[in-house]
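A.B. asks: Following this message is one structure expressed as structure tokens.
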Amino acid sequence: MRLNNFVWTTAIIAAAVILTAVLSTASLGASDTGGVEGQGVAANKSQQIARGKYLVDIMGCHDCHTPVKMGDKGPEWDMTRALSGHPEQVPMPPAPALPPGPWGVTMALTGTAFAGPWGTSFTKNLTPDKETGLGDWTVEEFIATMKTGRERGKGREVLPPMPVQNLRALSDADIRSLFAYLQSLPAIKNRTPQPVEPPDSK
Amino acid sequence: MKFLTTITAVVLLAAIGRATAGQGTEAQAPVAPRFAGAPGAAAAPGWLSETGLYANAATQRIDSRNRLFSPQYPLWSDGATKRRWVRLPAGSTINVADLSKWELPVGTKFWKEFSFKGRKVETRFLWQTAKDKWIFASYAWNDAQTDADLASESGIANIAEVEGGKRHSIPSVSECRSCHDSKRTETLGFDALQLSTDRDPNALHAETLTAEMVTLRTLVDENLISPKRADLIANPPRIAASSPITRTALGYLSTNCGSCHNRESSIASLGLDLKHAASATDCTAALATTVGQRGHWVVPDAEAESRVINAGHPESSALVRRIKSRRPISQMPPIGTVVADRQAVDLITSWVQNNGEELKQLVARCAAQGS
């Protein structure tokens, strides 16, 4: 248990340091995307979208929300499905049961499905498709989700590996920029699976 | 790609840490700013004893202007013993022109005290300082039980044990507002149905009314509501239902689910409306939007049969499955509780199982009537 605590503590500190660096870089980079300050309001829509793209790119949103495919040089993001979450054409069998011990998480080869003590989670479709993505979300719901770590601000917890504990530090202006960029993407119809409870939860 | 993978791995571990956090037993110290409020604006006092609850803080004698009340369908709060008070400004009235949406006078204050295992843990405070401007605050009781200190806006995690190592947390302000909807701030347990004198004898966890508790009759008799509504005494509000258990089930669902799942909520697009409307007949939206409806959440291992309520089949009813769960993936309500309400699980399971035909026929009749 102490080892676990150590691992979690170390991981949280490491994640906080990296995300802080990333977010700091985001603020520094603001001037590269039209002079928009992190806490400020985007001067216009195109600047806001550019700022949102910049944030998406450096915050690692693609890492989990864009499926990985095998390319000539190894795994690479499938940008034809950028930010559309776990592909519905890839049904996942139940996650393998791991033996007791420090190994506790499995990840699909697509990089979009994860299983651990919380159950199995599938990354969400962030494109503006109305039925399967964020097309029917309001910016207020998106802000509430990022600030509370709950779906639309009042639903179930957003599940690992989404780093909601770090995203709470985003300014409302930056969250609006993220949303503006995501809403500007081509809508991809992709119904991502419902998360799966851990096996002992019945 | 390697760098991104590294980030993913580290963030993943951090996230797992988050998933397993909150299971410890240590209370966390407040870290966020207290309720300072905007400069010049009214703010929550630093101590509960400064909010006006007590006439004598040393003896904790309640100020006589603060009136006890007890909703007939209480919210499940992990078995907490709760006491609630309301204070209306002198000479003011509650506008009940819309019986489903009371307008409380500016200056109204509410307190709700939570106790676990005989000890006061927190007291929540709602104060309408200007029209539609409410202060949300919570106070954490000290070990000596002499007063309670204003909690931070981010709440206090794991402040008291509920049972079996599971611990109660003081909610953050944003969590408060997720139930007391920010667009339509409500005092959830203080309305016509909850204060009706026609109380449901089978309501779960309801307290016995005492003479000092405010009811609709009190409000009418003391001219505390306008316009005058003598009919609220002659025909006190009650849930119209085809059987006693349906009445009780709908009352429970209205309180415990309907605060978020209602037609005016920010999540109305999910299609659920479990909030009892004052004008509702037995053709209620609570049944029309659940019985036989597919819903967004599918019961695992019952994908084909899964419905929000599958009349006659609790095992494939998402509503039953989710109120039983306290897993982040599936638990309902998603906040404010760490222990499932076993009595409610039994009641709702029995209702869905044994009243299946009643529910199906009722929903079919209402659909045919177009209501």
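Numbering starts fresh at 1 for the residues of each chain in the structure tokens, the chains themselves are lettered A, B, ... in the order given, and ligands are numbered from 1 as they appear.
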Residues at most 6 Å from B:Gly155, counting only C-alpha atoms, excluding those fewer than 6 positions away in the same chain, as a JSON list (two decimals) with C-alpha atoms, in the first residue's frame?
C.D. replies:
[["chain", "number", "residue", "atom", "x", "y", "z"],
["B", 170, "ILE", "CA", -18.42, 18.86, 2.25],
["B", 171, "PRO", "CA", -19.28, 19.73, -1.33],
["B", 172, "SER", "CA", -17.64, 22.48, -3.32]]
A.B. asks: Find the residue from A:Arg156, A:Arg176, A:Arg51, A:Arg81 that sits nearest to A:Ile143; use only C-alpha atoms when measuring.
C.D. replies: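 Distance minimum relative to A:Ile143 lands on A:Arg176.
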A.B. asks: Rounded to one decimal in Å, what is the spacing between atom CA of A:Ile49 and atom CA of A:Ala173?
C.D. replies: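 These atoms are spaced 11.5 Å apart.
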A.B. asks: Near A:Ala108, within 10 Å and counting only C-alpha atoms, which residues show up once chain neighbours fewer than 6 positions away are dropped, as a ChimeraX atom specification?
C.D. replies: /A:67-68,86,90,92,95,114-115,122
A.B. asks: Find the residues near stretch 131-134 of chain A: any atom within 12 Å, counting only C-alpha atoms, skip ones fewer than 2 places away on the same chain, and give them as a ChimeraX atom specification.
C.D. replies: /A:65,83-88,123-129,136-139,141-142,145,151-152,179-194 /B:269-270,296
A.B. asks: Can you list, as number ranges by chain, every protein, DNA or RNA residue that comes within 10 Å of stretch 120-128 of chain B when you count only C-alpha atoms, leaving out same-chain residues fewer than 3 positions away?
C.D. replies: B: 42-44, 48, 51, 53, 80-87, 104-117, 131-143, 145-151, 159-161, 168-171, 176, 185-187
A.B. asks: Dump C-alpha atoms for the selected residues as a CSV table (one decimal), in the first residue's frame?
C.D. replies:
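Result file selection-v9.csv:
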chain,number,residue,atom,x,y,z
B,42,ALA,CA,-22.6,40.5,0.9
B,43,ALA,CA,-20.5,37.6,1.9
B,44,ALA,CA,-20.9,34.5,4.1
B,48,LEU,CA,-21.9,29.7,11.6
B,51,THR,CA,-25.1,33.8,10.3
B,53,LEU,CA,-28.9,30.8,13.2
B,80,ALA,CA,-27.2,11.8,7.9
B,81,THR,CA,-29.5,13.1,10.5
B,82,LYS,CA,-30.6,16.5,9.2
B,83,ARG,CA,-32.3,19.6,10.7
B,84,ARG,CA,-33.4,22.5,8.5
B,85,TRP,CA,-34.5,26.0,9.2
B,86,VAL,CA,-35.8,28.9,7.2
B,87,ARG,CA,-36.0,32.6,8.0
B,104,LEU,CA,-38.6,33.7,-2.1
B,105,PRO,CA,-38.1,37.2,-0.8
B,106,VAL,CA,-34.7,38.8,-0.8
B,107,GLY,CA,-33.1,38.2,2.5
B,108,THR,CA,-34.4,34.7,2.9
B,109,LYS,CA,-32.0,32.4,4.7
B,110,PHE,CA,-31.9,28.6,4.9
B,111,TRP,CA,-29.7,26.3,7.1
B,112,LYS,CA,-29.3,22.5,6.9
B,113,GLU,CA,-27.4,20.7,9.6
B,114,PHE,CA,-25.9,17.3,8.9
B,115,SER,CA,-25.0,14.9,11.7
B,116,PHE,CA,-23.4,11.5,11.5
B,117,LYS,CA,-23.1,9.1,14.4
B,131,LYS,CA,-33.0,39.0,-6.4
B,132,ASP,CA,-31.8,35.7,-7.7
B,133,LYS,CA,-28.4,36.2,-6.0
B,134,TRP,CA,-27.7,33.4,-3.5
B,135,ILE,CA,-24.7,32.8,-1.4
B,136,PHE,CA,-23.9,29.1,-1.0
B,137,ALA,CA,-21.8,28.3,2.0
B,138,SER,CA,-21.0,25.4,4.3
B,139,TYR,CA,-19.6,25.4,7.8
B,140,ALA,CA,-17.5,22.6,9.2
B,141,TRP,CA,-18.1,21.8,12.9
B,142,ASN,CA,-15.2,21.9,15.2
B,143,ASP,CA,-14.2,18.9,17.4
B,145,GLN,CA,-19.0,21.0,18.7
B,146,THR,CA,-19.1,24.6,19.8
B,147,ASP,CA,-19.2,26.3,16.4
B,148,ALA,CA,-18.6,25.7,12.7
B,149,ASP,CA,-16.0,27.3,10.5
B,150,LEU,CA,-16.6,28.5,7.0
B,151,ALA,CA,-15.4,25.9,4.5
B,159,ILE,CA,-14.5,15.0,6.7
B,160,ALA,CA,-16.4,12.3,8.6
B,161,GLU,CA,-16.9,8.6,8.4
B,168,HIS,CA,-18.7,12.2,3.9
B,169,SER,CA,-17.3,15.3,2.1
B,170,ILE,CA,-18.4,18.9,2.3
B,171,PRO,CA,-19.3,19.7,-1.3
B,176,CYS,CA,-23.8,22.8,-4.7
B,185,THR,CA,-31.4,28.5,-8.0
B,186,GLU,CA,-33.8,26.6,-5.9
B,187,THR,CA,-34.1,25.6,-2.3
A.B. asks: Using DSSP assignments from the backbone, pull out every residue in stretch 36-192 of chain A that falls under strand (DSSP E or B) and give it to me as a PDB file with N, CA and C atoms, in the first residue's frame.
C.D. replies:
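The resulting file, selection_30.pdb, is reproduced below:
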ATOM      1  N   VAL A  68      -4.764   5.786 -32.907  1.00  0.00           N
ATOM      2  CA  VAL A  68      -3.435   5.516 -33.456  1.00  0.00           C
ATOM      3  C   VAL A  68      -3.555   4.415 -34.501  1.00  0.00           C
ATOM      4  N   LYS A  69      -2.840   4.567 -35.606  1.00  0.00           N
ATOM      5  CA  LYS A  69      -2.766   3.509 -36.617  1.00  0.00           C
ATOM      6  C   LYS A  69      -1.290   3.191 -36.850  1.00  0.00           C
ATOM      7  N   MET A  70      -1.029   2.092 -37.515  1.00  0.00           N
ATOM      8  CA  MET A  70       0.355   1.708 -37.789  1.00  0.00           C
ATOM      9  C   MET A  70       0.788   2.309 -39.122  1.00  0.00           C
ATOM     10  N   GLY A  71       1.824   3.128 -39.118  1.00  0.00           N
ATOM     11  CA  GLY A  71       2.337   3.733 -40.337  1.00  0.00           C
ATOM     12  C   GLY A  71       3.669   3.133 -40.723  1.00  0.00           C
ATOM     13  N   GLY A  74       6.016   3.196 -37.843  1.00  0.00           N
ATOM     14  CA  GLY A  74       5.487   2.781 -36.552  1.00  0.00           C
ATOM     15  C   GLY A  74       4.155   3.448 -36.268  1.00  0.00           C
ATOM     16  N   PRO A  75       3.724   3.444 -34.994  1.00  0.00           N
ATOM     17  CA  PRO A  75       2.412   4.005 -34.651  1.00  0.00           C
ATOM     18  C   PRO A  75       2.358   5.506 -34.926  1.00  0.00           C
ATOM     19  N   GLU A  76       1.237   5.925 -35.459  1.00  0.00           N
ATOM     20  CA  GLU A  76       1.035   7.365 -35.708  1.00  0.00           C
ATOM     21  C   GLU A  76      -0.444   7.680 -35.588  1.00  0.00           C
ATOM     22  N   TRP A  77      -0.735   8.942 -35.340  1.00  0.00           N
ATOM     23  CA  TRP A  77      -2.134   9.337 -35.236  1.00  0.00           C
ATOM     24  C   TRP A  77      -2.823   9.206 -36.588  1.00  0.00           C
ATOM     25  N   THR A 106      -4.253  -1.271 -18.423  1.00  0.00           N
ATOM     26  CA  THR A 106      -4.005  -1.718 -19.792  1.00  0.00           C
ATOM     27  C   THR A 106      -4.547  -0.667 -20.750  1.00  0.00           C
ATOM     28  N   MET A 107      -3.931  -0.613 -21.942  1.00  0.00           N
ATOM     29  CA  MET A 107      -4.333   0.374 -22.933  1.00  0.00           C
ATOM     30  C   MET A 107      -4.490  -0.314 -24.280  1.00  0.00           C
ATOM     31  N   ALA A 113      -8.601   3.467 -25.531  1.00  0.00           N
ATOM     32  CA  ALA A 113      -9.358   2.726 -24.514  1.00  0.00           C
ATOM     33  C   ALA A 113      -8.400   2.321 -23.405  1.00  0.00           C
ATOM     34  N   PHE A 114      -8.869   2.436 -22.180  1.00  0.00           N
ATOM     35  CA  PHE A 114      -8.017   2.204 -21.023  1.00  0.00           C
ATOM     36  C   PHE A 114      -8.800   1.424 -19.974  1.00  0.00           C
ATOM     37  N   ALA A 115      -8.145   0.478 -19.348  1.00  0.00           N
ATOM     38  CA  ALA A 115      -8.796  -0.279 -18.280  1.00  0.00           C
ATOM     39  C   ALA A 115      -7.934  -0.227 -17.032  1.00  0.00           C
ATOM     40  N   GLY A 116      -8.580  -0.063 -15.908  1.00  0.00           N
ATOM     41  CA  GLY A 116      -7.872   0.009 -14.630  1.00  0.00           C
ATOM     42  C   GLY A 116      -8.844  -0.198 -13.500  1.00  0.00           C
ATOM     43  N   GLY A 119     -12.528   0.722 -13.959  1.00  0.00           N
ATOM     44  CA  GLY A 119     -13.315   0.093 -15.012  1.00  0.00           C
ATOM     45  C   GLY A 119     -12.620   0.308 -16.348  1.00  0.00           C
ATOM     46  N   THR A 120     -13.394   0.385 -17.404  1.00  0.00           N
ATOM     47  CA  THR A 120     -12.818   0.618 -18.730  1.00  0.00           C
ATOM     48  C   THR A 120     -13.409   1.903 -19.293  1.00  0.00           C
ATOM     49  N   SER A 121     -12.548   2.767 -19.743  1.00  0.00           N
ATOM     50  CA  SER A 121     -13.017   4.037 -20.314  1.00  0.00           C
ATOM     51  C   SER A 121     -12.579   4.150 -21.760  1.00  0.00           C
ATOM     52  N   PHE A 122     -13.404   4.822 -22.533  1.00  0.00           N
ATOM     53  CA  PHE A 122     -13.154   5.036 -23.954  1.00  0.00           C
ATOM     54  C   PHE A 122     -13.174   6.536 -24.200  1.00  0.00           C
ATOM     55  N   ARG A 150     -16.864  16.743 -14.142  1.00  0.00           N
ATOM     56  CA  ARG A 150     -18.078  15.946 -14.302  1.00  0.00           C
ATOM     57  C   ARG A 150     -18.717  16.256 -15.649  1.00  0.00           C
ATOM     58  N   GLU A 157     -18.423  11.379 -13.038  1.00  0.00           N
ATOM     59  CA  GLU A 157     -17.058  11.870 -13.132  1.00  0.00           C
ATOM     60  C   GLU A 157     -16.484  11.569 -14.512  1.00  0.00           C
TER      61      GLU A 157
END
A.B. asks: I'd like the neighbourhood of B:Gly79 as a list of chain:residue names, where a residue qualifies if any of its atoms comes within 12 Å (using only C-alpha atoms), though same-chain residues fewer than 4 positions away should be ignored.
C.D. replies: B:Pro74, B:Leu75, B:Phe114, B:Ser115, B:Phe116, B:Lys117, B:Gly118, B:Glu161, B:Val162, B:Glu163, B:Arg167, B:His168, B:Leu204, B:His205, B:Ala206, B:Gly336, B:Thr337, B:Val338, B:Val339, B:Ala340, B:Asp341, B:Arg342, B:Gln343, B:Ala344
A.B. asks: To test your reading of the structure, identify every residue in stretch 147-322 of chain B that backbone DSSP assigns to helix (DSSP H, G or I), and report it as a PyMOL selection string.
C.D. replies: chain B and resi 173-179+192-195+216-221+231-234+244-256+268-270+285-288+314-316+318-322
A.B. asks: Save out the residues we just selected, C-alpha atoms, as an mmCIF file, in the first residue's frame.
C.D. replies:
data_model
loop_
_atom_site.group_PDB
_atom_site.id
_atom_site.type_symbol
_atom_site.label_atom_id
_atom_site.label_comp_id
_atom_site.auth_asym_id
_atom_site.auth_seq_id
_atom_site.Cartn_x
_atom_site.Cartn_y
_atom_site.Cartn_z
ATOM 1 C CA VAL B 173 -19.673 25.495 -4.343
ATOM 2 C CA SER B 174 -19.715 24.245 -7.933
ATOM 3 C CA GLU B 175 -21.098 20.932 -6.701
ATOM 4 C CA CYS B 176 -23.754 22.809 -4.723
ATOM 5 C CA ARG B 177 -24.747 24.645 -7.839
ATOM 6 C CA SER B 178 -24.883 21.489 -9.906
ATOM 7 C CA CYS B 179 -27.996 20.491 -7.929
ATOM 8 C CA ALA B 192 -45.587 23.005 -2.138
ATOM 9 C CA LEU B 193 -45.220 19.243 -2.394
ATOM 10 C CA GLN B 194 -42.495 18.974 0.209
ATOM 11 C CA LEU B 195 -44.407 21.071 2.751
ATOM 12 C CA LEU B 216 -48.130 24.773 3.941
ATOM 13 C CA ARG B 217 -50.784 25.310 6.576
ATOM 14 C CA THR B 218 -48.371 27.465 8.595
ATOM 15 C CA LEU B 219 -47.546 29.542 5.562
ATOM 16 C CA VAL B 220 -51.216 30.046 4.694
ATOM 17 C CA ASP B 221 -52.340 30.710 8.259
ATOM 18 C CA ASP B 231 -56.991 25.708 -1.660
ATOM 19 C CA LEU B 232 -53.568 24.509 -0.579
ATOM 20 C CA ILE B 233 -55.177 23.626 2.728
ATOM 21 C CA ALA B 234 -58.422 22.248 1.331
ATOM 22 C CA PRO B 244 -49.369 3.872 -2.994
ATOM 23 C CA ILE B 245 -45.991 2.452 -3.965
ATOM 24 C CA THR B 246 -46.005 4.442 -7.195
ATOM 25 C CA ARG B 247 -46.693 7.588 -5.199
ATOM 26 C CA THR B 248 -43.793 6.847 -2.875
ATOM 27 C CA ALA B 249 -41.436 5.884 -5.679
ATOM 28 C CA LEU B 250 -42.221 9.006 -7.688
ATOM 29 C CA GLY B 251 -41.726 11.169 -4.610
ATOM 30 C CA TYR B 252 -38.346 9.628 -3.940
ATOM 31 C CA LEU B 253 -37.276 10.020 -7.562
ATOM 32 C CA SER B 254 -38.490 13.614 -7.681
ATOM 33 C CA THR B 255 -36.212 14.600 -4.817
ATOM 34 C CA ASN B 256 -33.212 12.426 -5.526
ATOM 35 C CA ALA B 268 -32.723 18.403 -20.229
ATOM 36 C CA SER B 269 -31.478 17.125 -23.595
ATOM 37 C CA LEU B 270 -30.987 13.725 -21.978
ATOM 38 C CA ALA B 285 -43.478 12.955 -17.221
ATOM 39 C CA ALA B 286 -41.581 10.929 -14.642
ATOM 40 C CA LEU B 287 -43.141 7.797 -16.117
ATOM 41 C CA ALA B 288 -43.432 8.921 -19.737
ATOM 42 C CA PRO B 314 -35.418 -4.373 -12.563
ATOM 43 C CA GLU B 315 -32.353 -6.285 -13.753
ATOM 44 C CA SER B 316 -32.465 -4.499 -17.099
ATOM 45 C CA ALA B 318 -30.826 1.416 -15.889
ATOM 46 C CA LEU B 319 -32.441 3.483 -13.148
ATOM 47 C CA VAL B 320 -32.325 0.559 -10.717
ATOM 48 C CA ARG B 321 -28.805 -0.369 -11.681
ATOM 49 C CA ARG B 322 -27.536 3.142 -11.241
#
A.B. asks: Have a look at atom CA of A:Met79 and atom CA of A:Thr66 and let me know their distance in Å, one decimal.
C.D. replies: 7.1 Å
A.B. asks: Give me the residues within 8 Å of A:Lys147 as a list in words, counting only C-alpha atoms and dropping any in the same chain fewer than 2 places off.
C.D. replies: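 Skipping anything fewer than 2 positions along the chain leaves Ile143, Ala144, Thr145, Gly149, Gly153, Val164, Leu167, Arg168 and Ala169 of chain A.
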A.B. asks: Which of these residues is nearest to B:Leu188, using only C-alpha atoms: B:Arg67, B:Lys275, B:Arg238, B:Arg119?
C.D. replies: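 Residue with the minimum atom-to-atom distance to B:Leu188: B:Lys275.
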A.B. asks: Of the candidates B:Leu272, B:Arg307, B:Ser242, B:Ala90, which one gets nearest to B:Glu357 if we count only C-alpha atoms?
C.D. replies: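 Using only C-alpha atoms, B:Glu357 sits closest to B:Ser242.
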